[in-house]
file input_10.pdb (PDB, C-alpha atoms and all ligand atoms)
ATOM      1  CA  MET A   1      10.708 -21.236  -8.616
ATOM      2  CA  ALA A   2       9.433 -21.890  -5.091
ATOM      3  CA  ALA A   3       6.861 -19.438  -3.851
ATOM      4  CA  PRO A   4       8.774 -16.245  -3.093
ATOM      5  CA  ASP A   5       8.450 -15.378   0.538
ATOM      6  CA  ARG A   6       9.092 -11.659   0.496
ATOM      7  CA  ILE A   7       7.172  -9.865  -2.220
ATOM      8  CA  VAL A   8       7.157  -6.116  -2.870
ATOM      9  CA  ILE A   9       4.579  -4.784  -5.295
ATOM     10  CA  LEU A  10       4.774  -1.199  -6.600
ATOM     11  CA  THR A  11       1.512   0.078  -8.049
ATOM     12  CA  GLY A  12       0.769   3.073 -10.255
ATOM     13  CA  ALA A  13      -2.164   4.804 -11.885
ATOM     14  CA  GLY A  14      -2.591   2.009 -14.452
ATOM     15  CA  LEU A  15      -3.854  -0.264 -11.675
ATOM     16  CA  SER A  16      -6.851   2.033 -11.098
ATOM     17  CA  ALA A  17      -7.453   2.892 -14.764
ATOM     18  CA  GLU A  18     -10.078   0.157 -15.138
ATOM     19  CA  SER A  19     -11.803   1.491 -12.042
ATOM     20  CA  GLY A  20     -12.423   4.636 -14.068
ATOM     21  CA  LEU A  21      -9.688   6.816 -12.557
ATOM     22  CA  GLY A  22      -7.507   8.692 -15.019
ATOM     23  CA  THR A  23      -3.813   8.034 -15.418
ATOM     24  CA  PHE A  24      -1.337  10.889 -15.637
ATOM     25  CA  ARG A  25       0.680  10.405 -18.820
ATOM     26  CA  ASP A  26      -1.483   8.333 -21.123
ATOM     27  CA  LYS A  27      -3.131  10.179 -24.020
ATOM     28  CA  GLY A  28      -5.551  12.726 -22.573
ATOM     29  CA  GLY A  29      -4.266  11.994 -19.079
ATOM     30  CA  ILE A  30      -4.325  14.249 -16.035
ATOM     31  CA  TRP A  31      -1.112  16.046 -17.028
ATOM     32  CA  ALA A  32      -2.567  16.756 -20.452
ATOM     33  CA  GLN A  33      -5.486  18.554 -18.760
ATOM     34  CA  HIS A  34      -3.620  20.347 -15.969
ATOM     35  CA  ARG A  35      -0.083  21.731 -15.594
ATOM     36  CA  ILE A  36       1.858  20.219 -12.697
ATOM     37  CA  GLU A  37       3.198  23.642 -11.788
ATOM     38  CA  ASP A  38      -0.374  24.941 -11.428
ATOM     39  CA  VAL A  39      -1.803  22.214  -9.168
ATOM     40  CA  ALA A  40       0.841  19.829  -7.776
ATOM     41  CA  THR A  41       3.689  21.802  -6.197
ATOM     42  CA  PRO A  42       4.055  23.677  -2.885
ATOM     43  CA  GLU A  43       4.570  26.869  -4.932
ATOM     44  CA  ALA A  44       1.240  26.336  -6.718
ATOM     45  CA  PHE A  45      -0.509  25.953  -3.353
ATOM     46  CA  ALA A  46       1.097  29.107  -1.970
ATOM     47  CA  ARG A  47       0.177  31.026  -5.123
ATOM     48  CA  ASP A  48      -3.412  29.818  -5.628
ATOM     49  CA  PRO A  49      -4.724  27.406  -2.948
ATOM     50  CA  ALA A  50      -8.265  27.554  -4.330
ATOM     51  CA  ARG A  51      -7.110  26.190  -7.698
ATOM     52  CA  VAL A  52      -5.215  23.378  -6.001
ATOM     53  CA  HIS A  53      -8.217  22.527  -3.807
ATOM     54  CA  ASP A  54     -10.512  22.480  -6.859
ATOM     55  CA  PHE A  55      -8.152  20.042  -8.619
ATOM     56  CA  TYR A  56      -7.986  17.640  -5.689
ATOM     57  CA  SER A  57     -11.681  17.947  -4.741
ATOM     58  CA  GLN A  58     -12.614  16.818  -8.261
ATOM     59  CA  ARG A  59     -10.251  13.828  -7.999
ATOM     60  CA  ARG A  60     -11.491  13.060  -4.452
ATOM     61  CA  ARG A  61     -15.085  12.906  -5.738
ATOM     62  CA  GLN A  62     -14.020  10.576  -8.598
ATOM     63  CA  ALA A  63     -12.011   8.349  -6.267
ATOM     64  CA  ALA A  64     -14.870   8.142  -3.757
ATOM     65  CA  ALA A  65     -17.195   6.941  -6.545
ATOM     66  CA  ALA A  66     -14.713   4.337  -7.865
ATOM     67  CA  THR A  67     -14.659   0.670  -6.898
ATOM     68  CA  PRO A  68     -11.753  -1.785  -6.827
ATOM     69  CA  ASN A  69     -11.253  -3.755 -10.060
ATOM     70  CA  PRO A  70     -10.148  -7.421 -10.332
ATOM     71  CA  ALA A  71      -6.510  -6.353 -10.115
ATOM     72  CA  HIS A  72      -6.985  -4.725  -6.683
ATOM     73  CA  LEU A  73      -8.976  -7.756  -5.527
ATOM     74  CA  ALA A  74      -6.306 -10.192  -6.719
ATOM     75  CA  LEU A  75      -3.592  -8.335  -4.785
ATOM     76  CA  ALA A  76      -5.732  -8.481  -1.647
ATOM     77  CA  ARG A  77      -6.144 -12.245  -2.229
ATOM     78  CA  LEU A  78      -2.350 -12.602  -2.489
ATOM     79  CA  GLN A  79      -1.842 -10.706   0.770
ATOM     80  CA  ARG A  80      -4.392 -12.914   2.527
ATOM     81  CA  ALA A  81      -2.679 -16.069   1.208
ATOM     82  CA  HIS A  82       0.746 -14.942   2.429
ATOM     83  CA  PRO A  83       0.133 -12.859   5.573
ATOM     84  CA  GLY A  84       3.009 -10.491   6.314
ATOM     85  CA  SER A  85       4.964 -11.460   3.183
ATOM     86  CA  VAL A  86       3.379  -9.217   0.544
ATOM     87  CA  ALA A  87       4.068  -5.486   0.811
ATOM     88  CA  ILE A  88       2.159  -3.135  -1.499
ATOM     89  CA  VAL A  89       3.833   0.232  -2.078
ATOM     90  CA  THR A  90       1.483   2.475  -3.991
ATOM     91  CA  GLN A  91       2.081   5.738  -5.830
ATOM     92  CA  ASN A  92      -1.700   6.062  -6.061
ATOM     93  CA  VAL A  93      -3.581   8.372  -3.745
ATOM     94  CA  ASP A  94      -6.955   6.679  -4.194
ATOM     95  CA  GLY A  95      -8.205   4.271  -1.514
ATOM     96  CA  LEU A  96      -8.871   1.322  -3.818
ATOM     97  CA  HIS A  97      -6.243  -0.994  -2.306
ATOM     98  CA  GLU A  98      -7.888  -0.551   1.113
ATOM     99  CA  ALA A  99     -11.379  -0.869  -0.386
ATOM    100  CA  ALA A 100     -10.279  -4.234  -1.835
ATOM    101  CA  GLY A 101      -9.037  -5.367   1.590
ATOM    102  CA  SER A 102      -5.321  -4.682   1.136
ATOM    103  CA  ALA A 103      -2.873  -2.844   3.357
ATOM    104  CA  ALA A 104      -0.652  -0.480   1.358
ATOM    105  CA  LEU A 105       2.107   2.030   1.997
ATOM    106  CA  HIS A 106       0.997   5.290   0.352
ATOM    107  CA  MET A 107       4.272   6.921  -0.668
ATOM    108  CA  HIS A 108       2.440   9.831  -2.340
ATOM    109  CA  GLY A 109      -0.182  10.254   0.396
ATOM    110  CA  ARG A 110      -3.953   9.803   0.401
ATOM    111  CA  LEU A 111      -6.512  11.926  -1.417
ATOM    112  CA  ALA A 112      -9.150  11.177   1.236
ATOM    113  CA  ASP A 113      -7.139  12.903   3.972
ATOM    114  CA  ALA A 114      -6.351  16.523   4.759
ATOM    115  CA  LEU A 115      -3.139  17.762   6.374
ATOM    116  CA  CYS A 116      -2.583  20.908   8.413
ATOM    117  CA  PRO A 117       0.684  22.543   7.294
ATOM    118  CA  ARG A 118       0.986  24.309  10.665
ATOM    119  CA  CYS A 119       0.363  21.581  13.274
ATOM    120  CA  GLY A 120       0.682  18.426  11.174
ATOM    121  CA  HIS A 121      -2.824  17.222  12.080
ATOM    122  CA  ARG A 122      -4.279  14.670   9.582
ATOM    123  CA  TRP A 123      -8.001  13.950   9.314
ATOM    124  CA  PRO A 124     -10.535  12.686   6.757
ATOM    125  CA  ALA A 125     -10.891  15.536   4.268
ATOM    126  CA  PRO A 126     -14.335  17.077   3.773
ATOM    127  CA  PRO A 127     -15.529  16.336   0.206
ATOM    128  CA  GLU A 128     -15.018  19.941  -0.853
ATOM    129  CA  MET A 129     -12.020  21.641   0.747
ATOM    130  CA  THR A 130     -11.387  25.345   0.209
ATOM    131  CA  PRO A 131      -8.629  27.668   1.450
ATOM    132  CA  GLN A 132     -11.076  28.697   4.188
ATOM    133  CA  THR A 133     -11.464  25.142   5.548
ATOM    134  CA  PRO A 134      -9.858  25.403   9.023
ATOM    135  CA  CYS A 135      -7.745  22.757  10.710
ATOM    136  CA  PRO A 136     -10.011  21.128  13.355
ATOM    137  CA  ALA A 137      -7.037  20.939  15.740
ATOM    138  CA  CYS A 138      -5.426  24.384  15.516
ATOM    139  CA  THR A 139      -7.931  26.301  13.297
ATOM    140  CA  ALA A 140      -5.114  27.271  10.850
ATOM    141  CA  ALA A 141      -6.109  27.854   7.220
ATOM    142  CA  PRO A 142      -5.479  27.086   4.442
ATOM    143  CA  VAL A 143      -5.063  23.367   5.051
ATOM    144  CA  ARG A 144      -3.861  21.100   2.233
ATOM    145  CA  PRO A 145      -4.700  17.737   0.684
ATOM    146  CA  ASP A 146      -2.564  15.003   2.273
ATOM    147  CA  VAL A 147      -0.726  14.245  -0.975
ATOM    148  CA  VAL A 148       2.987  14.521  -1.764
ATOM    149  CA  TRP A 149       3.698  17.206  -4.364
ATOM    150  CA  PHE A 150       6.577  17.414  -6.807
ATOM    151  CA  GLY A 151       9.651  18.610  -4.955
ATOM    152  CA  GLU A 152       8.507  17.022  -1.669
ATOM    153  CA  ILE A 153       9.854  13.847  -0.066
ATOM    154  CA  PRO A 154       7.621  10.773  -0.444
ATOM    155  CA  HIS A 155       6.437   8.957   2.693
ATOM    156  CA  HIS A 156       7.782   5.661   4.115
ATOM    157  CA  MET A 157      11.093   5.773   2.239
ATOM    158  CA  GLU A 158      13.133   4.085   4.990
ATOM    159  CA  GLU A 159      10.609   1.265   5.327
ATOM    160  CA  ILE A 160      10.480   0.859   1.549
ATOM    161  CA  ALA A 161      14.282   0.680   1.315
ATOM    162  CA  ALA A 162      14.325  -2.101   3.931
ATOM    163  CA  LEU A 163      11.570  -3.995   2.076
ATOM    164  CA  LEU A 164      13.476  -3.751  -1.221
ATOM    165  CA  ASP A 165      16.682  -4.858   0.457
ATOM    166  CA  ALA A 166      15.029  -8.048   1.712
ATOM    167  CA  CYS A 167      12.650  -8.910  -1.126
ATOM    168  CA  THR A 168      12.823 -12.053  -3.278
ATOM    169  CA  LEU A 169      10.197 -10.879  -5.787
ATOM    170  CA  PHE A 170       9.526  -7.316  -6.999
ATOM    171  CA  ALA A 171       6.601  -6.414  -9.252
ATOM    172  CA  ALA A 172       5.661  -3.067 -10.770
ATOM    173  CA  ILE A 173       2.051  -2.759 -11.927
ATOM    174  CA  GLY A 174       0.655   0.075 -14.061
ATOM    175  CA  THR A 175       3.414   2.625 -13.715
ATOM    176  CA  SER A 176       5.223   4.509 -16.491
ATOM    177  CA  GLY A 177       8.466   4.563 -14.481
ATOM    178  CA  GLN A 178       8.952   8.269 -15.092
ATOM    179  CA  VAL A 179       8.898   9.519 -11.490
ATOM    180  CA  TYR A 180      11.631   8.842  -8.937
ATOM    181  CA  PRO A 181      12.237   7.484  -6.378
ATOM    182  CA  ALA A 182       9.601   4.859  -7.319
ATOM    183  CA  ALA A 183      11.140   4.337 -10.774
ATOM    184  CA  GLY A 184      14.400   3.314  -9.117
ATOM    185  CA  PHE A 185      12.893   0.592  -6.918
ATOM    186  CA  VAL A 186      13.438  -2.143  -9.524
ATOM    187  CA  SER A 187      17.201  -1.513  -9.472
ATOM    188  CA  ALA A 188      17.272  -1.781  -5.675
ATOM    189  CA  ALA A 189      15.309  -5.044  -5.860
ATOM    190  CA  GLN A 190      17.697  -6.428  -8.479
ATOM    191  CA  ASP A 191      20.639  -5.549  -6.244
ATOM    192  CA  SER A 192      18.972  -7.716  -3.601
ATOM    193  CA  GLY A 193      18.845 -10.613  -6.044
ATOM    194  CA  ALA A 194      15.046 -10.484  -6.396
ATOM    195  CA  HIS A 195      13.173 -11.735  -9.440
ATOM    196  CA  THR A 196      11.516  -8.733 -11.132
ATOM    197  CA  VAL A 197       8.308  -8.581 -13.150
ATOM    198  CA  GLU A 198       6.552  -5.671 -14.856
ATOM    199  CA  LEU A 199       2.802  -5.786 -15.480
ATOM    200  CA  ASN A 200       1.691  -3.048 -17.835
ATOM    201  CA  LEU A 201      -0.367  -2.404 -20.958
ATOM    202  CA  THR A 202       2.738  -1.266 -22.817
ATOM    203  CA  ASP A 203       6.471  -0.830 -22.368
ATOM    204  CA  SER A 204       7.490   1.790 -19.818
ATOM    205  CA  GLU A 205      10.618   3.855 -19.169
ATOM    206  CA  ILE A 206      11.923   1.063 -16.938
ATOM    207  CA  SER A 207      10.814  -2.081 -18.828
ATOM    208  CA  ALA A 208      14.388  -3.018 -19.750
ATOM    209  CA  ALA A 209      15.243  -3.404 -16.055
ATOM    210  CA  PHE A 210      12.759  -6.233 -15.503
ATOM    211  CA  ALA A 211      13.486  -9.958 -15.926
ATOM    212  CA  GLU A 212       9.846 -10.769 -16.753
ATOM    213  CA  HIS A 213       7.066  -8.807 -18.492
ATOM    214  CA  ARG A 214       3.345  -9.463 -18.475
ATOM    215  CA  ARG A 215       1.511  -7.274 -20.958
ATOM    216  CA  GLY A 216      -2.218  -6.495 -20.950
ATOM    217  CA  PRO A 217      -4.826  -4.715 -18.870
ATOM    218  CA  ALA A 218      -4.228  -5.044 -15.139
ATOM    219  CA  SER A 219      -7.715  -6.435 -14.541
ATOM    220  CA  ARG A 220      -6.604  -9.511 -16.491
ATOM    221  CA  SER A 221      -2.807  -9.675 -16.092
ATOM    222  CA  VAL A 222      -2.792  -9.235 -12.295
ATOM    223  CA  PRO A 223      -5.314 -11.988 -11.452
ATOM    224  CA  ASP A 224      -3.449 -14.331 -13.854
ATOM    225  CA  TRP A 225      -0.104 -13.490 -12.226
ATOM    226  CA  VAL A 226      -1.498 -13.943  -8.700
ATOM    227  CA  GLU A 227      -3.024 -17.293  -9.669
ATOM    228  CA  ASP A 228       0.353 -18.445 -11.011
ATOM    229  CA  LEU A 229       2.038 -17.414  -7.753
ATOM    230  CA  LEU A 230      -0.557 -19.211  -5.641
ATOM    231  CA  GLN A 231      -0.247 -22.338  -7.810
ATOM    232  CA  LYS A 232       3.527 -22.346  -7.222
ATOM    233  CA  ALA A 233       2.973 -22.120  -3.482
ATOM    234  CA  ARG A 234       0.676 -25.150  -3.429
TER     235      ARG A 234
HETATM  236  N1  LIG B   1      -3.568  -1.887 -17.145
HETATM  237  C1  LIG B   1      -2.223  -1.858 -16.915
HETATM  238  N2  LIG B   1      -1.451  -0.768 -17.113
HETATM  239  C2  LIG B   1      -2.076   0.337 -17.555
HETATM  240  C3  LIG B   1      -3.467   0.397 -17.824
HETATM  241  C4  LIG B   1      -4.215  -0.785 -17.602
HETATM  242  N3  LIG B   1      -5.537  -0.836 -17.824
HETATM  243  N4  LIG B   1      -3.769   1.643 -18.276
HETATM  244  C5  LIG B   1      -2.614   2.343 -18.266
HETATM  245  N5  LIG B   1      -1.600   1.569 -17.850
HETATM  246  C6  LIG B   1      -0.191   1.936 -17.673
HETATM  247  C7  LIG B   1       0.358   2.859 -18.737
HETATM  248  O1  LIG B   1       0.882   2.102 -19.827
HETATM  249  C8  LIG B   1       1.458   3.606 -17.971
HETATM  250  O2  LIG B   1       2.686   2.891 -18.044
HETATM  251  O3  LIG B   1      -0.123   2.679 -16.467
HETATM  252  C9  LIG B   1       0.954   3.603 -16.532
HETATM  253  C10 LIG B   1       0.450   4.952 -16.060
HETATM  254  O4  LIG B   1       1.553   5.830 -16.019
HETATM  255  P1  LIG B   1       1.363   7.281 -15.348
HETATM  256  O5  LIG B   1       0.117   7.883 -15.859
HETATM  257  O6  LIG B   1       2.664   8.002 -15.540
HETATM  258  O7  LIG B   1       1.112   6.974 -13.806
HETATM  259  P2  LIG B   1       2.193   6.622 -12.700
HETATM  260  O8  LIG B   1       3.337   5.863 -13.279
HETATM  261  O9  LIG B   1       1.454   6.023 -11.577
HETATM  262  O10 LIG B   1       2.711   8.084 -12.259
HETATM  263  C11 LIG B   1       3.605   8.142 -11.189
HETATM  264  O11 LIG B   1       3.567  10.551 -11.243
HETATM  265  O12 LIG B   1       2.357  12.461 -11.494
HETATM  266  C12 LIG B   1       2.934  11.642 -10.572
HETATM  267  O13 LIG B   1       2.242  11.428  -8.344
HETATM  268  C13 LIG B   1       1.896  11.077  -9.647
HETATM  269  O14 LIG B   1       1.876   8.907  -8.607
HETATM  270  C14 LIG B   1       2.009   9.579  -9.848
HETATM  271  C15 LIG B   1       3.399   9.413 -10.420
END

call {"tool": "encode", "arguments": {"input": "input_10.pdb", "output": "structure tokens"}}
result
Amino acid sequence: MAAPDRIVILTGAGLSAESGLGTFRDKGGIWAQHRIEDVATPEAFARDPARVHDFYSQRRRQAAAATPNPAHLALARLQRAHPGSVAIVTQNVDGLHEAAGSAALHMHGRLADALCPRCGHRWPAPPEMTPQTPCPACTAAPVRPDVVWFGEIPHHMEEIAALLDACTLFAAIGTSGQVYPAAGFVSAAQDSGAHTVELNLTDSEISAAFAEHRRGPASRSVPDWVEDLLQKAR
């Protein structure tokens, strides 16, 4: 197969697991420690903003202390080797793709940013946000973490649909395939005639939809996969 020229890579929590950040649905994961309806819905924020801020401030501290692992670095290497041809669409809200040197579309937002629900202002979140933290632009409070909650529409969906429509290679890395619309991206890529590959520790809800599977920890499987792609392009 010649080097694919339009690559879309969907990443999930499994990509950052070896950077020490918890996944959501693995044993003992985030959703085993917290209920989604308590910390990750607009209703939860309206009901108890302090609890929601505590949840995200803890994850913001962990993400700020984390460093990219070889999988993040390999994806950045792939983007550098094929400028403009490798789109990363991440479900992750940590900043590890950017820390590794990648550009990524954050469909679920960014933990490091705050968002004012009243005026829409976005700014780098203070480490510890509380319901009393005012918006620096319009002074409204409470402000929220700039993350997409269950029941809300993910970001960049039109751009992602166009990328999937045009891609020749689609990869999903470290995602359980249990949350839509991301879990449906592989079908859209297949409809475009793209080759599809899943890189994961184990099977996922969407494994059957992929033409190729690479099993193992991302810090090993992703660099190997990127090296194979770069070899093909030489
Ligand atoms: N290497 C590769 N894959 C791994 C590793 C690893 N070291 N560790 C875990 N995984 C895989 C798991 O096998 C699982 O398939 O990562 C996946 C993690 O799945 P989830 O915890 O469900 O995370 P994700 O798929 O990203 O969740 C999607 O759900 O709660 C929402 O908004 C949240 O973005 C999140 C979305």

call {"tool": "resolve_selection", "arguments": {"input": "input_10.pdb", "expression": "the PyMOL selection byres (((not hetatm)) within 7 of (chain B and resi 1))", "output": "JSON, numbers by chain"}}
result
{"A": [11, 12, 13, 14, 15, 17, 18, 23, 24, 25, 26, 29, 91, 92, 108, 173, 174, 175, 176, 177, 178, 179, 199, 200, 201, 202, 203, 204, 216, 217, 218, 219]}

call {"tool": "atom_distance", "arguments": {"input": "input_10.pdb", "atom1": "atom CA of A:Leu73", "atom2": "atom CA of A:Ile9"}}
result
13.9 Å

call {"tool": "resolve_selection", "arguments": {"input": "input_10.pdb", "expression": "the PyMOL selection byres (((chain A and resi 197) around 6) and not hetatm)", "output": "PyMOL selection string"}}
result
chain A and resi 171+196+198+210+212-213

call {"tool": "atom_distance", "arguments": {"input": "input_10.pdb", "atom1": "atom CA of A:Ala140", "atom2": "atom CA of A:Ala125"}}
result
14.6 Å

call {"tool": "atom_distance", "arguments": {"input": "input_10.pdb", "atom1": "atom CA of A:Ala114", "atom2": "atom CA of A:Asp146"}}
result
4.8 Å

call {"tool": "resolve_selection", "arguments": {"input": "input_10.pdb", "expression": "the PyMOL selection byres (((chain A and resi 19) around 9) and not hetatm)", "output": "short mmCIF file (atom, residue, chain, number, x, y, z; two decimals) with C-alpha atoms, in the frame of the given file"}}
result
data_model
loop_
_atom_site.label_atom_id
_atom_site.label_comp_id
_atom_site.auth_asym_id
_atom_site.auth_seq_id
_atom_site.Cartn_x
_atom_site.Cartn_y
_atom_site.Cartn_z
CA LEU A 15 -3.85 -0.26 -11.68
CA SER A 16 -6.85 2.03 -11.10
CA ALA A 17 -7.45 2.89 -14.76
CA GLU A 18 -10.08 0.16 -15.14
CA GLY A 20 -12.42 4.64 -14.07
CA LEU A 21 -9.69 6.82 -12.56
CA GLY A 22 -7.51 8.69 -15.02
CA ALA A 63 -12.01 8.35 -6.27
CA ALA A 66 -14.71 4.34 -7.86
CA THR A 67 -14.66 0.67 -6.90
CA PRO A 68 -11.75 -1.78 -6.83
CA ASN A 69 -11.25 -3.76 -10.06
CA LEU A 96 -8.87 1.32 -3.82
#

call {"tool": "build_atoms", "arguments": {"input": "input_10.pdb", "residues": "stretch 190-202 of chain A", "atoms": "N, CA, C and O atoms", "output": "PDB file, in the coordinates of the input"}}
result
ATOM      1  N   GLN A 190      16.728  -5.582  -7.754  1.00  0.00           N
ATOM      2  CA  GLN A 190      17.697  -6.428  -8.479  1.00  0.00           C
ATOM      3  C   GLN A 190      18.975  -6.585  -7.672  1.00  0.00           C
ATOM      4  O   GLN A 190      19.537  -7.674  -7.565  1.00  0.00           O
ATOM      5  N   ASP A 191      19.413  -5.483  -7.052  1.00  0.00           N
ATOM      6  CA  ASP A 191      20.639  -5.549  -6.244  1.00  0.00           C
ATOM      7  C   ASP A 191      20.477  -6.552  -5.095  1.00  0.00           C
ATOM      8  O   ASP A 191      21.451  -7.104  -4.593  1.00  0.00           O
ATOM      9  N   SER A 192      19.217  -6.761  -4.701  1.00  0.00           N
ATOM     10  CA  SER A 192      18.972  -7.716  -3.601  1.00  0.00           C
ATOM     11  C   SER A 192      18.843  -9.136  -4.131  1.00  0.00           C
ATOM     12  O   SER A 192      18.573 -10.061  -3.362  1.00  0.00           O
ATOM     13  N   GLY A 193      18.939  -9.268  -5.459  1.00  0.00           N
ATOM     14  CA  GLY A 193      18.845 -10.613  -6.044  1.00  0.00           C
ATOM     15  C   GLY A 193      17.411 -11.062  -6.288  1.00  0.00           C
ATOM     16  O   GLY A 193      17.138 -12.233  -6.552  1.00  0.00           O
ATOM     17  N   ALA A 194      16.464 -10.111  -6.220  1.00  0.00           N
ATOM     18  CA  ALA A 194      15.046 -10.484  -6.396  1.00  0.00           C
ATOM     19  C   ALA A 194      14.740 -10.747  -7.870  1.00  0.00           C
ATOM     20  O   ALA A 194      15.382 -10.184  -8.765  1.00  0.00           O
ATOM     21  N   HIS A 195      13.740 -11.606  -8.093  1.00  0.00           N
ATOM     22  CA  HIS A 195      13.173 -11.735  -9.440  1.00  0.00           C
ATOM     23  C   HIS A 195      12.289 -10.501  -9.666  1.00  0.00           C
ATOM     24  O   HIS A 195      11.663  -9.999  -8.715  1.00  0.00           O
ATOM     25  N   THR A 196      12.280  -9.963 -10.893  1.00  0.00           N
ATOM     26  CA  THR A 196      11.516  -8.733 -11.132  1.00  0.00           C
ATOM     27  C   THR A 196      10.548  -8.934 -12.292  1.00  0.00           C
ATOM     28  O   THR A 196      10.906  -9.541 -13.312  1.00  0.00           O
ATOM     29  N   VAL A 197       9.335  -8.431 -12.111  1.00  0.00           N
ATOM     30  CA  VAL A 197       8.308  -8.581 -13.150  1.00  0.00           C
ATOM     31  C   VAL A 197       7.554  -7.264 -13.305  1.00  0.00           C
ATOM     32  O   VAL A 197       7.231  -6.598 -12.323  1.00  0.00           O
ATOM     33  N   GLU A 198       7.308  -6.907 -14.571  1.00  0.00           N
ATOM     34  CA  GLU A 198       6.552  -5.671 -14.856  1.00  0.00           C
ATOM     35  C   GLU A 198       5.221  -6.056 -15.493  1.00  0.00           C
ATOM     36  O   GLU A 198       5.193  -6.810 -16.486  1.00  0.00           O
ATOM     37  N   LEU A 199       4.128  -5.554 -14.909  1.00  0.00           N
ATOM     38  CA  LEU A 199       2.802  -5.786 -15.480  1.00  0.00           C
ATOM     39  C   LEU A 199       2.282  -4.432 -15.952  1.00  0.00           C
ATOM     40  O   LEU A 199       2.112  -3.498 -15.169  1.00  0.00           O
ATOM     41  N   ASN A 200       2.071  -4.340 -17.259  1.00  0.00           N
ATOM     42  CA  ASN A 200       1.691  -3.048 -17.835  1.00  0.00           C
ATOM     43  C   ASN A 200       1.014  -3.319 -19.179  1.00  0.00           C
ATOM     44  O   ASN A 200       1.213  -4.351 -19.795  1.00  0.00           O
ATOM     45  N   LEU A 201       0.239  -2.316 -19.612  1.00  0.00           N
ATOM     46  CA  LEU A 201      -0.367  -2.404 -20.958  1.00  0.00           C
ATOM     47  C   LEU A 201       0.698  -2.350 -22.041  1.00  0.00           C
ATOM     48  O   LEU A 201       0.600  -2.983 -23.078  1.00  0.00           O
ATOM     49  N   THR A 202       1.707  -1.517 -21.783  1.00  0.00           N
ATOM     50  CA  THR A 202       2.738  -1.266 -22.817  1.00  0.00           C
ATOM     51  C   THR A 202       4.111  -1.247 -22.135  1.00  0.00           C
ATOM     52  O   THR A 202       4.213  -1.369 -20.923  1.00  0.00           O
TER      53      THR A 202
END
